[in-house]
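Enquirer: One file is attached below, coords13.csv, containing CSV, C-alpha atoms and all ligand atoms.
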chain,number,residue,atom,x,y,z
A,31,MET,CA,8.7,30.0,9.3
A,32,SER,CA,9.0,31.8,6.0
A,33,ASN,CA,9.2,28.8,3.7
A,34,CYS,CA,6.9,28.2,0.7
A,35,PHE,CA,6.3,24.8,-1.0
A,36,ILE,CA,5.6,24.9,-4.7
A,37,LEU,CA,4.1,21.7,-6.1
A,38,LEU,CA,4.3,21.4,-9.9
A,39,ALA,CA,1.4,19.4,-11.1
A,40,ALA,CA,0.6,20.9,-14.5
A,41,GLY,CA,2.4,18.3,-16.7
A,42,LYS,CA,0.4,16.4,-19.3
A,43,GLY,CA,2.5,13.3,-18.9
A,44,LYS,CA,2.8,12.2,-22.6
A,45,ARG,CA,4.6,9.0,-21.7
A,46,PHE,CA,1.8,8.1,-19.3
A,47,LYS,CA,-0.8,7.6,-22.0
A,48,SER,CA,-3.9,8.4,-20.0
A,49,LYS,CA,-6.6,11.1,-20.2
A,50,ASN,CA,-6.2,11.6,-16.5
A,51,PRO,CA,-2.8,13.2,-16.0
A,52,LYS,CA,-0.6,10.9,-13.8
A,53,GLN,CA,-0.5,13.5,-11.0
A,54,PHE,CA,-4.2,12.8,-10.3
A,55,VAL,CA,-4.4,9.0,-10.7
A,56,ASN,CA,-5.0,6.9,-7.6
A,57,TYR,CA,-1.7,5.9,-6.1
A,58,LYS,CA,-1.7,4.0,-2.8
A,59,ASN,CA,-5.3,5.0,-2.0
A,60,LYS,CA,-5.1,8.8,-2.8
A,61,PRO,CA,-4.5,11.0,-5.8
A,62,LEU,CA,-0.7,10.9,-6.5
A,63,PHE,CA,-0.1,14.6,-6.0
A,64,MET,CA,-1.7,14.5,-2.5
A,65,HIS,CA,1.2,12.4,-1.2
A,66,SER,CA,3.4,15.5,-1.6
A,67,VAL,CA,0.8,17.9,-0.2
A,68,ASP,CA,0.2,15.7,2.8
A,69,LYS,CA,4.0,15.5,3.5
A,70,ALA,CA,4.5,19.2,3.1
A,71,LEU,CA,1.6,19.8,5.6
A,72,LYS,CA,2.9,17.3,8.0
A,73,SER,CA,6.4,18.6,8.0
A,74,ASN,CA,5.2,21.9,9.5
A,75,LEU,CA,7.9,23.7,7.5
A,76,PHE,CA,5.7,25.7,5.3
A,77,LYS,CA,3.6,28.8,5.7
A,78,GLU,CA,2.0,28.3,2.3
A,79,ILE,CA,1.7,25.5,-0.3
A,80,VAL,CA,1.2,26.5,-3.9
A,81,ILE,CA,-0.2,23.9,-6.2
A,82,VAL,CA,0.4,24.6,-9.9
A,83,THR,CA,-2.1,22.7,-12.0
A,84,ASN,CA,-4.3,22.9,-15.1
A,85,LYS,CA,-6.9,20.7,-13.6
A,86,LYS,CA,-9.8,22.0,-11.4
A,87,ILE,CA,-9.2,20.8,-7.9
A,88,LYS,CA,-10.5,22.0,-4.5
A,89,MET,CA,-8.6,22.2,-1.3
A,90,SER,CA,-10.1,23.1,2.1
A,91,TYR,CA,-6.9,24.2,3.7
A,92,LYS,CA,-6.4,28.0,4.1
A,93,ASN,CA,-2.7,27.8,3.5
A,94,ILE,CA,-3.0,25.9,0.2
A,95,LYS,CA,-3.2,28.0,-2.9
A,96,ILE,CA,-4.0,26.7,-6.4
A,97,ILE,CA,-2.8,28.5,-9.5
A,98,LYS,CA,-3.0,27.7,-13.2
A,99,GLY,CA,0.2,26.3,-14.8
A,100,GLY,CA,2.0,27.1,-18.0
A,101,LYS,CA,2.7,25.0,-21.1
A,102,GLU,CA,6.1,23.9,-20.0
A,103,ARG,CA,7.4,23.0,-16.6
A,104,TYR,CA,9.7,26.0,-16.3
A,105,LYS,CA,6.8,28.3,-17.1
A,106,SER,CA,4.7,26.8,-14.4
A,107,SER,CA,7.6,27.3,-12.0
A,108,GLN,CA,7.9,31.0,-13.1
A,109,LYS,CA,4.2,31.5,-12.6
A,110,ALA,CA,4.4,30.2,-9.1
A,111,LEU,CA,7.4,32.3,-8.2
A,112,ASP,CA,5.7,35.3,-9.6
A,113,PHE,CA,2.5,34.5,-7.6
A,114,ILE,CA,4.5,34.5,-4.3
A,115,LYS,CA,6.9,37.3,-5.1
A,116,ASN,CA,5.4,39.9,-2.7
A,117,LYS,CA,4.7,37.4,0.1
A,118,LYS,CA,8.1,37.8,1.8
A,119,PHE,CA,9.1,34.2,1.8
A,120,VAL,CA,12.8,33.7,2.4
A,121,ASN,CA,13.0,30.2,1.1
A,122,VAL,CA,11.2,28.3,-1.5
A,123,PHE,CA,11.0,24.5,-2.1
A,124,ILE,CA,10.1,23.3,-5.6
A,125,HIS,CA,8.8,19.8,-6.1
A,126,ASP,CA,7.4,17.7,-9.0
A,127,ALA,CA,4.1,16.0,-8.1
A,128,ALA,CA,5.3,13.0,-10.1
A,129,ARG,CA,7.6,12.1,-7.1
A,130,PRO,CA,5.3,11.0,-4.4
A,131,ASN,CA,7.7,8.9,-2.3
A,132,PHE,CA,10.2,11.4,-0.8
A,133,SER,CA,10.4,11.6,3.0
A,134,ILE,CA,9.7,14.4,5.4
A,135,ASN,CA,13.2,13.8,6.7
A,136,LEU,CA,14.5,14.8,3.2
A,137,LEU,CA,12.6,18.1,3.5
A,138,LYS,CA,14.1,18.8,6.9
A,139,ASN,CA,17.6,17.9,5.6
A,140,LEU,CA,17.3,20.3,2.7
A,141,LYS,CA,16.1,23.0,5.0
A,142,LYS,CA,19.0,22.4,7.3
A,143,HIS,CA,21.6,22.8,4.5
A,144,LEU,CA,19.9,25.9,3.2
A,145,GLY,CA,21.2,27.7,6.2
A,146,LYS,CA,24.6,28.2,4.6
A,147,ASN,CA,23.7,27.8,1.0
A,148,LYS,CA,21.5,29.5,-1.6
A,149,ALA,CA,20.5,26.3,-3.4
A,150,VAL,CA,20.3,22.7,-2.1
A,151,VAL,CA,19.5,19.9,-4.4
A,152,PRO,CA,19.2,16.1,-3.7
A,153,TYR,CA,20.9,13.6,-5.9
A,154,ILE,CA,21.5,9.9,-6.2
A,155,ASN,CA,24.2,8.0,-8.0
A,156,THR,CA,23.5,5.6,-10.8
A,157,GLU,CA,24.1,1.8,-10.7
A,158,ASN,CA,24.5,1.8,-14.5
A,159,THR,CA,27.7,2.1,-16.4
A,160,THR,CA,27.1,5.4,-18.0
A,161,LYS,CA,28.2,6.8,-21.4
A,162,TYR,CA,27.9,10.2,-22.9
A,163,VAL,CA,27.4,11.0,-26.6
A,164,ASN,CA,29.4,14.0,-27.6
A,165,LYS,CA,29.0,14.8,-31.3
A,166,ASN,CA,30.3,11.6,-33.0
A,167,LYS,CA,32.2,10.4,-30.0
A,168,ILE,CA,30.8,8.2,-27.1
A,169,ILE,CA,32.7,8.5,-23.9
A,170,ASN,CA,32.5,6.5,-20.7
A,171,LEU,CA,31.6,8.5,-17.6
A,172,LYS,CA,32.8,7.7,-14.1
A,173,ARG,CA,29.7,6.4,-12.4
A,174,GLU,CA,30.5,8.1,-9.1
A,175,LYS,CA,30.8,11.4,-10.8
A,176,VAL,CA,27.3,11.2,-12.3
A,177,LEU,CA,24.7,12.9,-10.2
A,178,LEU,CA,21.0,12.1,-10.9
A,179,THR,CA,19.2,15.1,-9.5
A,180,GLN,CA,15.8,14.9,-8.0
A,181,THR,CA,13.2,17.2,-6.4
A,182,PRO,CA,12.3,18.6,-3.9
A,183,GLN,CA,15.0,21.2,-4.4
A,184,CYS,CA,15.2,24.3,-2.2
A,185,PHE,CA,16.4,27.8,-2.7
A,186,ARG,CA,16.7,31.3,-1.3
A,187,PHE,CA,13.6,32.8,-2.9
A,188,LYS,CA,15.3,36.0,-4.0
A,189,ASP,CA,18.2,34.2,-5.8
A,190,LEU,CA,15.9,31.8,-7.6
A,191,TYR,CA,13.4,34.5,-8.5
A,192,ASN,CA,16.1,36.6,-10.1
A,193,LEU,CA,17.4,33.7,-12.2
A,194,SER,CA,14.0,32.4,-13.2
A,195,LYS,CA,12.4,35.8,-14.1
A,196,TYR,CA,14.3,36.3,-17.4
A,197,ASN,CA,14.8,32.7,-18.3
A,198,LYS,CA,13.6,31.6,-21.7
A,199,GLN,CA,15.4,28.3,-21.9
A,200,LEU,CA,13.6,25.0,-21.5
A,201,VAL,CA,15.1,23.9,-18.2
A,202,THR,CA,13.8,20.8,-16.6
A,203,ASP,CA,14.7,21.8,-13.0
A,204,GLU,CA,15.6,24.9,-11.1
A,205,ALA,CA,19.1,23.6,-10.3
A,206,THR,CA,19.9,24.0,-14.0
A,207,LEU,CA,19.3,27.7,-13.7
A,208,PHE,CA,21.9,27.9,-11.0
A,209,LEU,CA,24.4,25.9,-13.0
A,210,ASN,CA,23.8,27.8,-16.2
A,211,ASN,CA,24.6,31.0,-14.3
A,212,ASN,CA,27.6,29.6,-12.6
A,213,LYS,CA,26.0,29.8,-9.2
A,214,LYS,CA,26.9,27.4,-6.4
A,215,ILE,CA,24.7,24.5,-5.5
A,216,LYS,CA,25.0,22.3,-2.4
A,217,PHE,CA,24.2,18.8,-3.5
A,218,ILE,CA,23.0,16.4,-0.8
A,219,LYS,CA,22.3,12.7,-0.9
A,220,GLY,CA,18.8,12.1,-2.0
A,221,GLU,CA,16.6,9.0,-1.7
A,222,GLU,CA,16.6,5.9,-4.0
A,223,THR,CA,12.9,5.4,-3.3
A,224,ASN,CA,12.1,8.9,-4.5
A,225,ILE,CA,11.4,7.8,-8.0
A,226,LYS,CA,9.6,9.8,-10.7
A,227,ILE,CA,6.4,8.2,-11.9
A,228,THR,CA,6.4,8.5,-15.7
A,229,LYS,CA,4.9,5.3,-17.1
A,230,LYS,CA,1.8,3.4,-16.1
A,231,THR,CA,4.0,0.5,-15.1
A,232,ASP,CA,5.6,2.7,-12.4
A,233,LEU,CA,2.3,2.7,-10.5
A,234,ASP,CA,1.1,0.0,-8.3
A,235,THR,CA,-2.5,1.0,-8.6
A,236,SER,CA,-3.8,-2.1,-6.9
A,237,ILE,CA,-6.4,-1.4,-4.2
A,238,ILE,CA,-6.7,-3.9,-1.4
A,239,LYS,CA,-10.2,-4.8,-0.1
A,240,THR,CA,-10.6,-6.8,3.1
A,241,PHE,CA,-13.6,-8.9,4.0
A,242,TYR,CA,-14.4,-10.8,7.2
A,243,GLY,CA,-16.5,-13.9,7.7
A,244,ILE,CA,-17.7,-15.7,10.8
A,245,GLY,CA,-18.8,-19.3,11.3
A,246,PHE,CA,-20.4,-21.4,14.0
A,247,ASP,CA,-21.2,-25.1,14.2
A,248,ILE,CA,-22.3,-27.6,16.8
A,249,HIS,CA,-22.7,-31.4,16.6
A,250,ARG,CA,-23.9,-34.1,19.0
A,251,LEU,CA,-21.4,-36.7,20.2
A,252,ILE,CA,-22.4,-40.3,19.7
A,253,LYS,CA,-20.8,-43.6,20.4
A,254,ASN,CA,-19.4,-45.9,17.7
A,255,LYS,CA,-18.4,-43.0,15.4
A,256,LYS,CA,-14.9,-41.7,14.6
A,257,LEU,CA,-14.2,-38.1,15.7
A,258,TYR,CA,-12.9,-35.8,13.0
A,259,LEU,CA,-11.6,-32.3,13.9
A,260,GLY,CA,-9.9,-30.1,11.4
A,261,GLY,CA,-9.8,-32.8,8.8
A,262,ILE,CA,-8.0,-35.4,11.0
A,263,LYS,CA,-9.0,-38.3,13.2
A,264,ILE,CA,-8.7,-37.7,16.9
A,265,PRO,CA,-8.8,-40.6,19.3
A,266,PHE,CA,-11.9,-40.2,21.5
A,267,HIS,CA,-14.8,-42.2,23.1
A,268,SER,CA,-17.4,-40.8,20.6
A,269,GLY,CA,-17.7,-39.2,17.3
A,270,LEU,CA,-19.8,-36.3,15.9
A,271,LYS,CA,-23.2,-37.1,14.5
A,272,GLY,CA,-24.1,-35.5,11.3
A,273,HIS,CA,-25.0,-35.9,7.6
A,274,SER,CA,-21.3,-35.7,6.9
A,275,ASP,CA,-18.4,-36.6,9.2
A,276,GLY,CA,-19.6,-33.8,11.6
A,277,ASP,CA,-16.2,-32.0,11.6
A,278,VAL,CA,-17.3,-28.8,13.5
A,279,ILE,CA,-13.9,-27.1,12.9
A,280,LEU,CA,-14.1,-27.5,9.1
A,281,HIS,CA,-17.8,-26.7,9.0
A,282,SER,CA,-17.3,-23.4,10.9
A,283,ILE,CA,-14.4,-22.5,8.7
A,284,ILE,CA,-16.5,-23.2,5.6
A,285,ASP,CA,-19.2,-20.9,6.9
A,286,ALA,CA,-16.7,-18.2,7.8
A,287,LEU,CA,-15.2,-18.4,4.3
A,288,LEU,CA,-18.6,-18.4,2.6
A,289,GLY,CA,-19.5,-15.4,4.8
A,290,SER,CA,-16.4,-13.5,3.7
A,291,LEU,CA,-17.2,-14.2,0.1
A,292,ARG,CA,-20.8,-13.2,0.7
A,293,LYS,CA,-22.0,-16.6,-0.5
A,294,LYS,CA,-24.7,-17.7,2.0
A,295,ASP,CA,-23.9,-20.8,4.0
A,296,ILE,CA,-22.8,-24.4,4.1
A,297,GLY,CA,-26.4,-25.7,4.2
A,298,THR,CA,-27.2,-23.9,1.0
A,299,LEU,CA,-24.1,-25.2,-0.7
A,300,TYR,CA,-24.5,-28.8,0.6
A,301,PRO,CA,-28.2,-29.4,1.4
A,302,SER,CA,-28.6,-32.3,3.8
A,303,ASN,CA,-31.7,-33.6,2.0
A,304,LYS,CA,-29.5,-34.5,-1.0
A,305,ASN,CA,-28.1,-38.0,-0.8
A,306,ASN,CA,-25.0,-37.3,-2.8
A,307,PHE,CA,-23.6,-35.4,0.2
A,308,LYS,CA,-24.4,-38.2,2.7
A,309,ASN,CA,-21.3,-39.2,4.7
A,310,ILE,CA,-19.2,-36.8,2.7
A,311,ARG,CA,-15.8,-36.0,4.3
A,312,SER,CA,-15.5,-32.4,5.2
A,313,PRO,CA,-12.2,-31.7,3.5
A,314,LYS,CA,-14.0,-32.5,0.2
A,315,MET,CA,-16.6,-29.8,1.1
A,316,LEU,CA,-13.9,-27.3,1.8
A,317,ARG,CA,-11.8,-27.9,-1.4
A,318,PRO,CA,-14.1,-26.1,-3.9
A,319,ILE,CA,-14.3,-23.0,-1.7
A,320,ILE,CA,-10.5,-22.8,-1.5
A,321,SER,CA,-10.2,-23.0,-5.2
A,322,ASP,CA,-13.0,-20.4,-5.6
A,323,LEU,CA,-11.0,-18.0,-3.4
A,324,LYS,CA,-7.9,-18.5,-5.4
A,325,LYS,CA,-9.7,-18.1,-8.8
A,326,ASN,CA,-11.2,-14.8,-7.7
A,327,ASN,CA,-7.9,-13.3,-6.4
A,328,TYR,CA,-8.6,-13.6,-2.7
A,329,ILE,CA,-5.9,-14.2,-0.2
A,330,ILE,CA,-6.6,-15.5,3.3
A,331,ASN,CA,-4.9,-13.2,5.9
A,332,ASN,CA,-5.7,-15.0,9.1
A,333,LEU,CA,-8.0,-17.6,10.7
A,334,ASP,CA,-8.9,-17.7,14.4
A,335,ILE,CA,-10.8,-20.7,15.8
A,336,ASN,CA,-12.5,-21.4,19.2
A,337,LEU,CA,-13.1,-25.1,19.7
A,338,ILE,CA,-15.7,-25.4,22.5
A,339,CYS,CA,-15.6,-28.7,24.4
A,340,GLU,CA,-14.7,-30.2,27.7
A,341,ARG,CA,-12.6,-32.9,26.1
A,342,PRO,CA,-10.5,-33.8,24.0
A,343,LYS,CA,-7.9,-31.3,25.3
A,344,VAL,CA,-7.1,-28.9,22.5
A,345,SER,CA,-3.5,-28.4,23.6
A,346,LYS,CA,-2.8,-32.0,23.0
A,347,HIS,CA,-3.9,-31.9,19.3
A,348,ARG,CA,-3.4,-28.3,18.4
A,349,ASN,CA,-0.3,-28.7,16.3
A,350,LYS,CA,-1.7,-31.6,14.3
A,351,ILE,CA,-4.9,-29.8,13.6
A,352,ILE,CA,-3.2,-26.6,12.6
A,353,ASN,CA,-0.9,-28.6,10.3
A,354,SER,CA,-3.9,-30.3,8.7
A,355,LEU,CA,-5.7,-27.0,8.2
A,356,SER,CA,-2.6,-25.4,6.7
A,357,LYS,CA,-2.5,-28.2,4.1
A,358,LEU,CA,-6.2,-28.3,3.4
A,359,MET,CA,-6.5,-24.5,3.0
A,360,ASN,CA,-3.1,-24.1,1.4
A,361,ILE,CA,-2.1,-21.3,3.8
A,362,ASP,CA,0.8,-20.7,6.2
A,363,LYS,CA,0.6,-22.2,9.7
A,364,ASN,CA,1.5,-18.9,11.2
A,365,ILE,CA,-1.8,-17.3,10.2
A,366,ILE,CA,-3.9,-19.9,11.9
A,367,ASN,CA,-4.8,-19.8,15.6
A,368,LEU,CA,-6.7,-22.5,17.5
A,369,LYS,CA,-8.1,-21.9,21.0
A,370,GLY,CA,-9.7,-24.4,23.3
A,371,LYS,CA,-12.6,-23.4,25.4
A,372,THR,CA,-14.3,-25.4,28.1
A,373,VAL,CA,-17.7,-24.6,29.5
A,374,GLU,CA,-17.4,-25.4,33.2
A,375,LYS,CA,-19.0,-28.8,32.7
A,376,LEU,CA,-22.3,-27.0,31.9
A,377,GLY,CA,-25.0,-28.3,29.5
A,378,LEU,CA,-24.6,-30.7,26.6
A,379,ILE,CA,-21.1,-29.6,25.8
A,380,GLY,CA,-20.0,-29.8,29.5
A,381,LYS,CA,-21.4,-33.4,29.8
A,382,GLU,CA,-19.4,-34.3,26.7
A,383,ASN,CA,-22.5,-34.8,24.6
A,384,ALA,CA,-21.6,-32.2,22.0
A,385,ILE,CA,-18.7,-30.2,20.5
A,386,ALA,CA,-19.1,-26.7,19.1
A,387,CYS,CA,-16.8,-24.4,17.2
A,388,GLU,CA,-16.5,-20.8,16.1
A,389,ALA,CA,-14.2,-19.5,13.4
A,390,ILE,CA,-13.5,-16.0,12.0
A,391,VAL,CA,-11.5,-15.4,8.9
A,392,SER,CA,-10.2,-12.3,7.1
A,393,ILE,CA,-9.5,-12.3,3.3
A,394,ASN,CA,-8.0,-9.7,1.0
A,395,LYS,CA,-8.7,-9.0,-2.6
A,396,TYR,CA,-6.4,-7.1,-4.9
A,397,GLU,CA,-8.2,-5.2,-7.6
B,1,ZN,ZN,-21.7,-29.2,10.9
Written as structure tokens, that's how I'd like the structure from this file.
Ligand code: ZN

Expert:
Amino acid sequence: MSNCFILLAAGKGKRFKSKNPKQFVNYKNKPLFMHSVDKALKSNLFKEIVIVTNKKIKMSYKNIKIIKGGKERYKSSQKALDFIKNKKFVNVFIHDAARPNFSINLLKNLKKHLGKNKAVVPYINTENTTKYVNKNKIINLKREKVLLTQTPQCFRFKDLYNLSKYNKQLVTDEATLFLNNNKKIKFIKGEETNIKITKKTDLDTSIIKTFYGIGFDIHRLIKNKKLYLGGIKIPFHSGLKGHSDGDVILHSIIDALLGSLRKKDIGTLYPSNKNNFKNIRSPKMLRPIISDLKKNNYIINNLDINLICERPKVSKHRNKIINSLSKLMNIDKNIINLKGKTVEKLGLIGKENAIACEAIVSINKYE
């Protein structure tokens, strides 16, 4: 295994317009350059990884070396090649830290082709109709003959070192050195997803935070009252006693949602000693919480409910209740689960004198 991976991370990124160079901004939960480092490590192809950067960074891996970069990309590359010149590497991979999305498979593929070649470079074709300005003339290029080259690129160390050593031209990749000197390059198909991050809009910097909430409720069953569960009327011999309509499903969902939002509980929001909430229907209590979620960029991921009662049979009403919840909460039916749980005819619930419910909810926030 005498391969070395050089990661060029010294660029200032003028188009990026940020004090923190783009290689170090948070990208999918880690500094952008770390995506390349992690893949190089995971591939097990490299004896040493050299990071070329002008920023002070610390690495705790023994086989990762950090060196200072040059003013231009090609100078950083020269410095890295010089740094490893006596380390007896046969092959060297060079990669721009601004491309975090290449695959380990691409590294392996490059290595495979290096067996018979001295330079292997990935490319993609363009979807755009391409023109070339040559002095005063603009000519159409055949799309399929236009190669957009990417990194990582890999080379026989000796060959690249000899070409790079005396170069004074501002080349933007190592393949150019080979072309300028009429040396052969093996071009292999690259990856469309291996884009170069150049502008802030190329980054999806959103960080997802997940919160959970749990809710529980129980109400006594009494005669001459309608039974409401999950916002709908269910035919039954009794209804649930309470300040409101006693809908244990909606009440436990409200508490679960308030829990996930860290906003206390249903009793604080709707005090039972206030007359304006007397006989309030539970969907009305739920509504402001759902709009609060939306307003603050939260998305409900899933909702799981245990309805604890001897009767009514949950299986008989499950679909109707889930449909109702999906409408009331403005969420997909597929993320709601409703389980029925009996209690072996034990206690108040077992004697059909009460119904209880538990709910757990998970919500995401994009920041
Ligand atoms: Zn309640």

Enquirer: Taking only C-alpha atoms and all ligand atoms into account, which residues have an atom no farther than 10 Å from ligand ZN 1 (chain B)? I'd like them as a PyMOL selection string.

Expert: chain A and resi 246-250+270-282+284-285+296-297+312+386-387

Enquirer: Record the distance separating CA of Lys395 in chain A and CA of Ile238 in chain A, expressed in Å with one decimal.

Expert: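 Straight-line distance from CA of Lys395 in chain A to CA of Ile238 in chain A works out to 5.6 Å.
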
Enquirer: Which one of A:Val122, A:Ala205, A:Leu337, A:Ile154 sits closest to Glu222 in chain A if you count all atoms listed in the file?

Expert: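 So, comparing all the options, the nearest one is A:Ile154.
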
Enquirer: Quick one: everything within 12 Å of range 367-377 of chain A, counting only C-alpha atoms, minus sequence neighbours fewer than 5 positions away in the same chain. Send it as JSON, numbers by chain.

Expert: {"A": [259, 260, 279, 283, 331, 332, 333, 334, 335, 336, 337, 338, 339, 340, 341, 342, 343, 344, 345, 346, 347, 348, 349, 350, 351, 352, 353, 355, 356, 362, 382, 383, 384, 385, 386, 387, 388, 389, 390, 391]}

Enquirer: When distances are computed from all atoms listed in the file, which of A:Leu207, A:Thr83, A:Asn224, A:Asn166 shows the smallest separation from Ser133 in chain A?

Expert: A:Asn224

Enquirer: How far is it from CA of His65 in chain A to CA of Pro130 in chain A, in Å with one decimal?

Expert: 5.4 Å

Enquirer: How would range 212-224 of chain A look with N, CA, C and O atoms restored, written as a CSV table (one decimal), keeping the file's coordinate frame?

Expert:
chain,number,residue,atom,x,y,z
A,212,ASN,N,26.5,29.8,-13.4
A,212,ASN,CA,27.6,29.6,-12.6
A,212,ASN,C,27.4,29.9,-11.1
A,212,ASN,O,28.3,30.5,-10.4
A,213,LYS,N,26.3,29.6,-10.6
A,213,LYS,CA,26.0,29.8,-9.2
A,213,LYS,C,26.2,28.5,-8.4
A,213,LYS,O,25.9,27.4,-9.0
A,214,LYS,N,26.6,28.6,-7.2
A,214,LYS,CA,26.9,27.4,-6.4
A,214,LYS,C,25.6,26.7,-5.9
A,214,LYS,O,24.7,27.3,-5.5
A,215,ILE,N,25.7,25.4,-6.0
A,215,ILE,CA,24.7,24.5,-5.5
A,215,ILE,C,25.2,23.6,-4.5
A,215,ILE,O,26.3,23.0,-4.7
A,216,LYS,N,24.5,23.4,-3.4
A,216,LYS,CA,25.0,22.3,-2.4
A,216,LYS,C,24.2,21.1,-2.8
A,216,LYS,O,22.9,21.1,-2.7
A,217,PHE,N,24.9,20.0,-3.2
A,217,PHE,CA,24.2,18.8,-3.5
A,217,PHE,C,24.3,17.9,-2.3
A,217,PHE,O,25.3,17.7,-1.7
A,218,ILE,N,23.1,17.3,-1.9
A,218,ILE,CA,23.0,16.4,-0.8
A,218,ILE,C,22.5,15.1,-1.2
A,218,ILE,O,21.8,15.0,-2.3
A,219,LYS,N,22.8,14.1,-0.5
A,219,LYS,CA,22.3,12.7,-0.9
A,219,LYS,C,20.8,12.6,-0.8
A,219,LYS,O,20.2,13.0,0.2
A,220,GLY,N,20.2,12.2,-1.9
A,220,GLY,CA,18.8,12.1,-2.0
A,220,GLY,C,18.3,10.7,-1.6
A,220,GLY,O,19.0,10.0,-0.9
A,221,GLU,N,17.2,10.3,-2.1
A,221,GLU,CA,16.6,9.0,-1.7
A,221,GLU,C,16.3,8.1,-2.9
A,221,GLU,O,15.6,8.5,-3.8
A,222,GLU,N,16.8,6.8,-2.9
A,222,GLU,CA,16.6,5.9,-4.0
A,222,GLU,C,15.1,5.7,-4.2
A,222,GLU,O,14.7,5.4,-5.4
A,223,THR,N,14.3,5.7,-3.1
A,223,THR,CA,12.9,5.4,-3.3
A,223,THR,C,12.1,6.6,-3.9
A,223,THR,O,11.0,6.4,-4.3
A,224,ASN,N,12.7,7.7,-4.0
A,224,ASN,CA,12.1,8.9,-4.5
A,224,ASN,C,12.0,8.9,-6.0
A,224,ASN,O,12.6,9.8,-6.7
